[in-house]
>>> print(open('coords05.pdb').read())   # PDB, C-alpha atoms, pLDDT in the B column
MODEL        1
ATOM      1  CA  MET A   1      -9.133  -5.845 -26.463  1.00 66.00           C
ATOM      2  CA  ALA A   2      -7.901  -4.923 -29.941  1.00 75.00           C
ATOM      3  CA  TYR A   3      -9.254  -6.804 -32.941  1.00 82.00           C
ATOM      4  CA  ALA A   4      -7.196  -9.499 -34.673  1.00 86.00           C
ATOM      5  CA  VAL A   5      -6.603  -7.313 -37.726  1.00 87.00           C
ATOM      6  CA  THR A   6      -5.246  -4.524 -35.515  1.00 88.00           C
ATOM      7  CA  HIS A   7      -2.763  -6.906 -33.873  1.00 92.00           C
ATOM      8  CA  VAL A   8      -1.432  -7.985 -37.265  1.00 92.00           C
ATOM      9  CA  ILE A   9      -1.375  -4.552 -38.903  1.00 91.00           C
ATOM     10  CA  VAL A  10       0.316  -2.737 -36.002  1.00 92.00           C
ATOM     11  CA  ALA A  11       3.132  -5.304 -35.867  1.00 95.00           C
ATOM     12  CA  ILE A  12       3.580  -5.267 -39.661  1.00 93.00           C
ATOM     13  CA  VAL A  13       3.636  -1.475 -39.875  1.00 91.00           C
ATOM     14  CA  LEU A  14       6.104  -1.025 -37.011  1.00 94.00           C
ATOM     15  CA  ILE A  15       8.476  -3.724 -38.291  1.00 95.00           C
ATOM     16  CA  ASP A  16       8.277  -2.389 -41.847  1.00 91.00           C
ATOM     17  CA  LEU A  17       9.020   1.165 -40.671  1.00 90.00           C
ATOM     18  CA  TYR A  18      11.990  -0.169 -38.691  1.00 94.00           C
ATOM     19  CA  ARG A  19      13.185  -2.079 -41.771  1.00 92.00           C
ATOM     20  CA  ASP A  20      12.857   0.982 -44.026  1.00 87.00           C
ATOM     21  CA  TYR A  21      14.276   3.714 -41.793  1.00 90.00           C
ATOM     22  CA  VAL A  22      16.359   2.250 -38.970  1.00 93.00           C
ATOM     23  CA  ALA A  23      17.878  -1.114 -39.893  1.00 91.00           C
ATOM     24  CA  LYS A  24      21.399  -0.886 -41.268  1.00 87.00           C
ATOM     25  CA  LYS A  25      20.961  -4.151 -43.152  1.00 85.00           C
ATOM     26  CA  LYS A  26      17.655  -4.626 -44.943  1.00 87.00           C
ATOM     27  CA  PHE A  27      16.133  -7.938 -43.958  1.00 91.00           C
ATOM     28  CA  PRO A  28      13.743  -9.902 -46.206  1.00 91.00           C
ATOM     29  CA  MET A  29      10.083  -8.852 -46.350  1.00 90.00           C
ATOM     30  CA  TRP A  30       8.969 -12.238 -45.077  1.00 93.00           C
ATOM     31  CA  PHE A  31      10.302 -11.176 -41.659  1.00 96.00           C
ATOM     32  CA  VAL A  32       7.744  -8.343 -41.746  1.00 93.00           C
ATOM     33  CA  LEU A  33       4.997 -10.892 -42.444  1.00 94.00           C
ATOM     34  CA  LEU A  34       6.351 -13.113 -39.673  1.00 96.00           C
ATOM     35  CA  GLY A  35       6.097 -10.194 -37.244  1.00 96.00           C
ATOM     36  CA  GLY A  36       2.472  -9.659 -38.234  1.00 95.00           C
ATOM     37  CA  ILE A  37       1.683 -13.312 -37.617  1.00 96.00           C
ATOM     38  CA  ALA A  38       3.517 -13.149 -34.277  1.00 97.00           C
ATOM     39  CA  GLY A  39       1.389 -10.112 -33.412  1.00 96.00           C
ATOM     40  CA  LEU A  40      -1.647 -12.387 -33.468  1.00 94.00           C
ATOM     41  CA  LEU A  41       0.001 -15.532 -32.095  1.00 94.00           C
ATOM     42  CA  PRO A  42      -0.715 -14.911 -28.370  1.00 92.00           C
ATOM     43  CA  ASP A  43      -4.401 -15.410 -29.177  1.00 90.00           C
ATOM     44  CA  ILE A  44      -3.671 -19.032 -30.117  1.00 90.00           C
ATOM     45  CA  ASP A  45      -5.124 -19.739 -26.691  1.00 86.00           C
ATOM     46  CA  PHE A  46      -8.646 -19.105 -28.068  1.00 85.00           C
ATOM     47  CA  PRO A  47      -8.724 -22.151 -30.363  1.00 84.00           C
ATOM     48  CA  LEU A  48      -6.738 -24.179 -27.822  1.00 85.00           C
ATOM     49  CA  GLN A  49      -9.352 -23.264 -25.222  1.00 84.00           C
ATOM     50  CA  GLN A  50     -12.122 -24.519 -27.535  1.00 86.00           C
ATOM     51  CA  ILE A  51     -10.289 -27.752 -28.328  1.00 88.00           C
ATOM     52  CA  ALA A  52      -9.516 -28.409 -24.655  1.00 85.00           C
ATOM     53  CA  GLY A  53     -13.133 -27.714 -23.722  1.00 85.00           C
ATOM     54  CA  GLU A  54     -14.400 -30.169 -26.322  1.00 87.00           C
ATOM     55  CA  PHE A  55     -11.861 -32.783 -25.260  1.00 88.00           C
ATOM     56  CA  ILE A  56     -12.590 -32.443 -21.522  1.00 85.00           C
ATOM     57  CA  GLY A  57     -16.319 -31.905 -21.945  1.00 86.00           C
ATOM     58  CA  GLU A  58     -16.584 -28.667 -19.988  1.00 85.00           C
ATOM     59  CA  ALA A  59     -15.630 -25.015 -20.365  1.00 83.00           C
ATOM     60  CA  VAL A  60     -11.925 -24.302 -20.041  1.00 80.00           C
ATOM     61  CA  THR A  61     -10.353 -20.875 -19.566  1.00 79.00           C
ATOM     62  CA  LEU A  62      -6.918 -20.490 -21.119  1.00 74.00           C
ATOM     63  CA  HIS A  63      -7.073 -16.967 -22.540  1.00 74.00           C
ATOM     64  CA  ARG A  64      -4.509 -14.581 -21.038  1.00 75.00           C
ATOM     65  CA  ILE A  65      -2.882 -17.173 -18.833  1.00 75.00           C
ATOM     66  CA  TRP A  66       0.312 -18.335 -20.550  1.00 80.00           C
ATOM     67  CA  THR A  67       0.523 -16.788 -23.998  1.00 86.00           C
ATOM     68  CA  HIS A  68      -0.239 -13.278 -22.756  1.00 84.00           C
ATOM     69  CA  SER A  69       2.776 -13.066 -20.497  1.00 82.00           C
ATOM     70  CA  LEU A  70       6.136 -11.386 -20.587  1.00 86.00           C
ATOM     71  CA  VAL A  71       7.675 -14.813 -19.969  1.00 87.00           C
ATOM     72  CA  CYS A  72       7.004 -15.705 -23.615  1.00 90.00           C
ATOM     73  CA  VAL A  73       8.594 -12.483 -24.878  1.00 93.00           C
ATOM     74  CA  ILE A  74      11.631 -12.927 -22.632  1.00 93.00           C
ATOM     75  CA  SER A  75      11.999 -16.525 -23.830  1.00 95.00           C
ATOM     76  CA  PHE A  76      12.065 -15.463 -27.489  1.00 97.00           C
ATOM     77  CA  LEU A  77      14.549 -12.696 -26.674  1.00 97.00           C
ATOM     78  CA  ALA A  78      16.794 -15.165 -24.839  1.00 97.00           C
ATOM     79  CA  ILE A  79      16.789 -17.514 -27.832  1.00 97.00           C
ATOM     80  CA  ALA A  80      17.558 -14.559 -30.128  1.00 96.00           C
ATOM     81  CA  LEU A  81      20.432 -13.492 -27.881  1.00 96.00           C
ATOM     82  CA  PHE A  82      21.853 -17.027 -27.867  1.00 95.00           C
ATOM     83  CA  PHE A  83      21.970 -17.106 -31.681  1.00 94.00           C
ATOM     84  CA  HIS A  84      23.142 -13.496 -31.947  1.00 93.00           C
ATOM     85  CA  LEU A  85      26.173 -14.195 -29.783  1.00 93.00           C
ATOM     86  CA  GLN A  86      27.167 -16.938 -32.236  1.00 90.00           C
ATOM     87  CA  LYS A  87      26.310 -14.942 -35.360  1.00 76.00           C
ATOM     88  CA  HIS A  88      29.314 -16.083 -37.385  1.00 84.00           C
ATOM     89  CA  LYS A  89      28.124 -19.685 -37.418  1.00 89.00           C
ATOM     90  CA  LYS A  90      25.797 -21.274 -39.956  1.00 89.00           C
ATOM     91  CA  ILE A  91      23.423 -24.205 -39.821  1.00 87.00           C
ATOM     92  CA  GLN A  92      22.247 -26.462 -42.638  1.00 86.00           C
ATOM     93  CA  ILE A  93      18.439 -26.334 -43.034  1.00 84.00           C
ATOM     94  CA  GLY A  94      17.388 -28.488 -45.943  1.00 86.00           C
ATOM     95  CA  LYS A  95      19.564 -27.539 -48.896  1.00 88.00           C
ATOM     96  CA  ARG A  96      20.309 -24.102 -47.536  1.00 88.00           C
ATOM     97  CA  LYS A  97      22.868 -22.754 -45.082  1.00 90.00           C
ATOM     98  CA  VAL A  98      21.309 -20.264 -42.704  1.00 89.00           C
ATOM     99  CA  SER A  99      23.367 -17.936 -40.542  1.00 89.00           C
ATOM    100  CA  TYR A 100      22.752 -17.753 -36.831  1.00 92.00           C
ATOM    101  CA  GLU A 101      22.265 -14.020 -37.350  1.00 91.00           C
ATOM    102  CA  HIS A 102      19.122 -14.728 -39.413  1.00 91.00           C
ATOM    103  CA  ILE A 103      17.870 -17.176 -36.792  1.00 93.00           C
ATOM    104  CA  ALA A 104      18.419 -14.496 -34.124  1.00 95.00           C
ATOM    105  CA  LEU A 105      16.460 -11.998 -36.225  1.00 95.00           C
ATOM    106  CA  PHE A 106      13.693 -14.586 -36.655  1.00 96.00           C
ATOM    107  CA  PHE A 107      13.208 -14.863 -32.876  1.00 97.00           C
ATOM    108  CA  MET A 108      13.643 -11.123 -32.367  1.00 97.00           C
ATOM    109  CA  VAL A 109      10.834 -10.406 -34.843  1.00 98.00           C
ATOM    110  CA  ILE A 110       8.591 -12.931 -33.086  1.00 98.00           C
ATOM    111  CA  ALA A 111       9.333 -11.275 -29.728  1.00 98.00           C
ATOM    112  CA  PHE A 112       8.534  -7.845 -31.172  1.00 97.00           C
ATOM    113  CA  GLY A 113       5.244  -9.008 -32.703  1.00 97.00           C
ATOM    114  CA  TRP A 114       4.351 -10.686 -29.417  1.00 95.00           C
ATOM    115  CA  ILE A 115       5.077  -7.581 -27.329  1.00 95.00           C
ATOM    116  CA  THR A 116       2.978  -5.406 -29.653  1.00 94.00           C
ATOM    117  CA  HIS A 117       0.083  -7.771 -28.981  1.00 92.00           C
ATOM    118  CA  LEU A 118       0.527  -7.390 -25.220  1.00 88.00           C
ATOM    119  CA  ALA A 119       0.825  -3.604 -25.528  1.00 87.00           C
ATOM    120  CA  LEU A 120      -2.373  -3.380 -27.578  1.00 86.00           C
ATOM    121  CA  ASP A 121      -4.248  -5.609 -25.157  1.00 83.00           C
ATOM    122  CA  CYS A 122      -3.059  -3.456 -22.251  1.00 79.00           C
ATOM    123  CA  SER A 123      -4.130  -0.314 -24.081  1.00 77.00           C
ATOM    124  CA  PHE A 124      -7.622  -1.577 -24.817  1.00 74.00           C
ATOM    125  CA  ALA A 125      -8.353  -3.990 -21.979  1.00 70.00           C
ATOM    126  CA  GLY A 126      -6.730  -2.357 -18.965  1.00 62.00           C
ATOM    127  CA  ASP A 127      -4.749  -4.128 -16.255  1.00 58.00           C
ATOM    128  CA  TYR A 128      -4.134  -7.803 -16.576  1.00 62.00           C
ATOM    129  CA  ASN A 129      -1.597 -10.360 -15.515  1.00 61.00           C
ATOM    130  CA  LEU A 130       1.567 -10.164 -17.637  1.00 66.00           C
ATOM    131  CA  THR A 131       3.250 -12.890 -15.615  1.00 64.00           C
ATOM    132  CA  TRP A 132       2.356 -16.454 -14.767  1.00 61.00           C
ATOM    133  CA  PHE A 133       1.799 -15.539 -11.115  1.00 61.00           C
ATOM    134  CA  PRO A 134      -1.918 -15.765 -10.227  1.00 57.00           C
ATOM    135  CA  GLY A 135      -3.563 -12.671  -8.821  1.00 58.00           C
ATOM    136  CA  TYR A 136      -0.748 -10.329  -9.793  1.00 59.00           C
ATOM    137  CA  SER A 137      -1.526  -7.723 -12.435  1.00 58.00           C
ATOM    138  CA  PHE A 138       0.498  -4.745 -13.521  1.00 56.00           C
ATOM    139  CA  GLY A 139      -0.827  -1.246 -13.015  1.00 47.00           C
ATOM    140  CA  PHE A 140       0.811   0.325 -16.056  1.00 57.00           C
ATOM    141  CA  CYS A 141      -1.903  -0.720 -18.514  1.00 62.00           C
ATOM    142  CA  PRO A 142      -3.781   2.576 -18.803  1.00 60.00           C
ATOM    143  CA  HIS A 143      -6.886   1.509 -20.757  1.00 59.00           C
ATOM    144  CA  PRO A 144      -7.140   4.930 -22.431  1.00 61.00           C
ATOM    145  CA  PHE A 145      -9.283   3.874 -25.390  1.00 65.00           C
ATOM    146  CA  SER A 146     -12.955   2.976 -25.578  1.00 66.00           C
ATOM    147  CA  ASN A 147     -14.348   0.064 -27.565  1.00 65.00           C
ATOM    148  CA  ASP A 148     -15.754   2.544 -30.097  1.00 69.00           C
ATOM    149  CA  THR A 149     -12.171   3.536 -30.911  1.00 71.00           C
ATOM    150  CA  LEU A 150     -11.471  -0.047 -31.946  1.00 71.00           C
ATOM    151  CA  LEU A 151     -14.001   0.085 -34.756  1.00 72.00           C
ATOM    152  CA  GLY A 152     -11.859   2.263 -36.968  1.00 79.00           C
ATOM    153  CA  LEU A 153      -8.365   1.844 -35.572  1.00 80.00           C
ATOM    154  CA  ASP A 154      -7.260  -0.933 -37.898  1.00 79.00           C
ATOM    155  CA  ALA A 155      -8.718   0.879 -40.916  1.00 83.00           C
ATOM    156  CA  ILE A 156      -6.912   4.118 -40.006  1.00 87.00           C
ATOM    157  CA  ILE A 157      -3.592   2.326 -39.461  1.00 86.00           C
ATOM    158  CA  LEU A 158      -3.955   0.411 -42.741  1.00 85.00           C
ATOM    159  CA  LEU A 159      -4.787   3.554 -44.724  1.00 88.00           C
ATOM    160  CA  LEU A 160      -1.891   5.514 -43.229  1.00 88.00           C
ATOM    161  CA  TRP A 161       0.489   2.645 -43.975  1.00 84.00           C
ATOM    162  CA  LEU A 162      -0.742   2.339 -47.587  1.00 84.00           C
ATOM    163  CA  ILE A 163      -0.282   6.096 -48.048  1.00 87.00           C
ATOM    164  CA  HIS A 164       3.249   5.760 -46.663  1.00 83.00           C
ATOM    165  CA  GLU A 165       3.984   2.825 -48.951  1.00 81.00           C
ATOM    166  CA  GLU A 166       2.738   4.746 -51.998  1.00 83.00           C
ATOM    167  CA  TRP A 167       4.728   7.823 -51.034  1.00 84.00           C
ATOM    168  CA  ALA A 168       7.930   5.976 -50.131  1.00 81.00           C
ATOM    169  CA  LYS A 169       7.919   2.987 -52.469  1.00 74.00           C
ATOM    170  CA  LYS A 170       5.460   3.744 -55.268  1.00 68.00           C
ATOM    171  CA  ILE A 171       3.342   0.630 -54.723  1.00 68.00           C
ATOM    172  CA  LYS A 172       1.230   1.430 -57.787  1.00 60.00           C
ATOM    173  CA  ASP A 173       4.180   0.198 -59.851  1.00 53.00           C
ATOM    174  CA  PHE A 174       3.480  -3.312 -58.539  1.00 50.00           C
ATOM    175  CA  ILE A 175      -0.245  -3.365 -59.353  1.00 52.00           C
TER     176      ILE A 175
ENDMDL
END
>>> encode(input="coords05.pdb", output="structure tokens")
Amino acid sequence: MAYAVTHVIVAIVLIDLYRDYVAKKKFPMWFVLLGGIAGLLPDIDFPLQQIAGEFIGEAVTLHRIWTHSLVCVISFLAIALFFHLQKHKKIQIGKRKVSYEHIALFFMVIAFGWITHLALDCSFAGDYNLTWFPGYSFGFCPHPFSNDTLLGLDAIILLLWLIHEEWAKKIKDFI
């Protein structure tokens, strides 16, 4: 299983590269941060597992049951599609009017961060259940990497991204 830092960094880097080179409209940088947070969000079941265990008084297993499923990703994509189809509308949030297009992007970024988490877990942990159906696991999770690979993966990704940022955006100007 990939480390927490790897989950965040991979999602941030991929969303930032999409924002810089593919997106026709540049979206705010906080969406990139949101994607990084969403890349770690499926592991919310770890603290929930601890809290439930303390509350019940015995060990509880929640990891990789609900949050590590494609059902979550599909749900976020469905919400994004709903708002995207009504993109010309706006909603009042506090003192600000927010377009449905931004709300759609919000859920799309969460779905992307979430799916990167599942892809990394598949890559480093092998087959596991990507649905809520007990006993059914997918066979497309190749498990090609060893645990030793994990030790430097997040550092390599972070360094490559910082080099890209310096080359493309001159980040030293902001220091």
>>> closest_atom_pairs(input="coords05.pdb", of="stretch 1-36 of chain A", to="stretch 147-161 of chain A", cutoff="10 Å", atoms="all atoms listed in the file", output="CSV")
residue,atom,partner,partner_atom,distance
A:Met1,CA,A:Asn147,CA,8.0
A:Ala2,CA,A:Leu150,CA,6.4
A:Tyr3,CA,A:Leu150,CA,7.2
A:Ala4,CA,A:Asp154,CA,9.2
A:Val5,CA,A:Asp154,CA,6.4
A:Thr6,CA,A:Asp154,CA,4.8
A:His7,CA,A:Asp154,CA,8.5
A:Val8,CA,A:Asp154,CA,9.2
A:Ile9,CA,A:Leu158,CA,6.8
A:Val10,CA,A:Ile157,CA,7.3
A:Ile12,CA,A:Trp161,CA,9.5
A:Val13,CA,A:Trp161,CA,6.6
A:Leu14,CA,A:Trp161,CA,9.7
A:Asp16,CA,A:Trp161,CA,9.5
A:Leu17,CA,A:Trp161,CA,9.3
>>> residues_around(input="coords05.pdb", residues="A:Gln50", least_positions_apart="3", cutoff="10 Å", atoms="all atoms listed in the file", output="ChimeraX atom specification")
/A:45-47,53-56,58-62
>>> resolve_selection(input="coords05.pdb", expression="the PyMOL selection byres ((chain A and resi 110-114) around 8)", output="list in words")
Ala11, Leu34, Gly35, Gly36, Ile37, Ala38, Gly39, Leu40, Leu41, Pro42, Cys72, Val73, Ile74, Phe76, Leu77, Phe106, Phe107, Met108, Val109, Ile115, Thr116, His117 and Leu118 of chain A
>>> atom_distance(input="coords05.pdb", atom1="atom CA of A:Leu120", atom2="atom CA of A:Ser75")
19.8 Å
>>> closest_residue(input="coords05.pdb", among="A:Leu81, A:Met29, A:Leu105, A:Ile44", to="A:Ile65", atoms="all atoms listed in the file")
A:Ile44
>>> axis_aligned_box(input="coords05.pdb", around="stretch 35-47 of chain A", padding_each_side="6 Å", output="JSON")
{"center_x": -1.3, "center_y": -15.9, "center_z": -32.5, "size_x": 26.8, "size_y": 24.5, "size_z": 23.5}
>>> closest_residue(input="coords05.pdb", among="A:Pro28, A:Phe124, A:His88, A:Thr67", to="A:Leu48", atoms="all atoms listed in the file")
A:Thr67
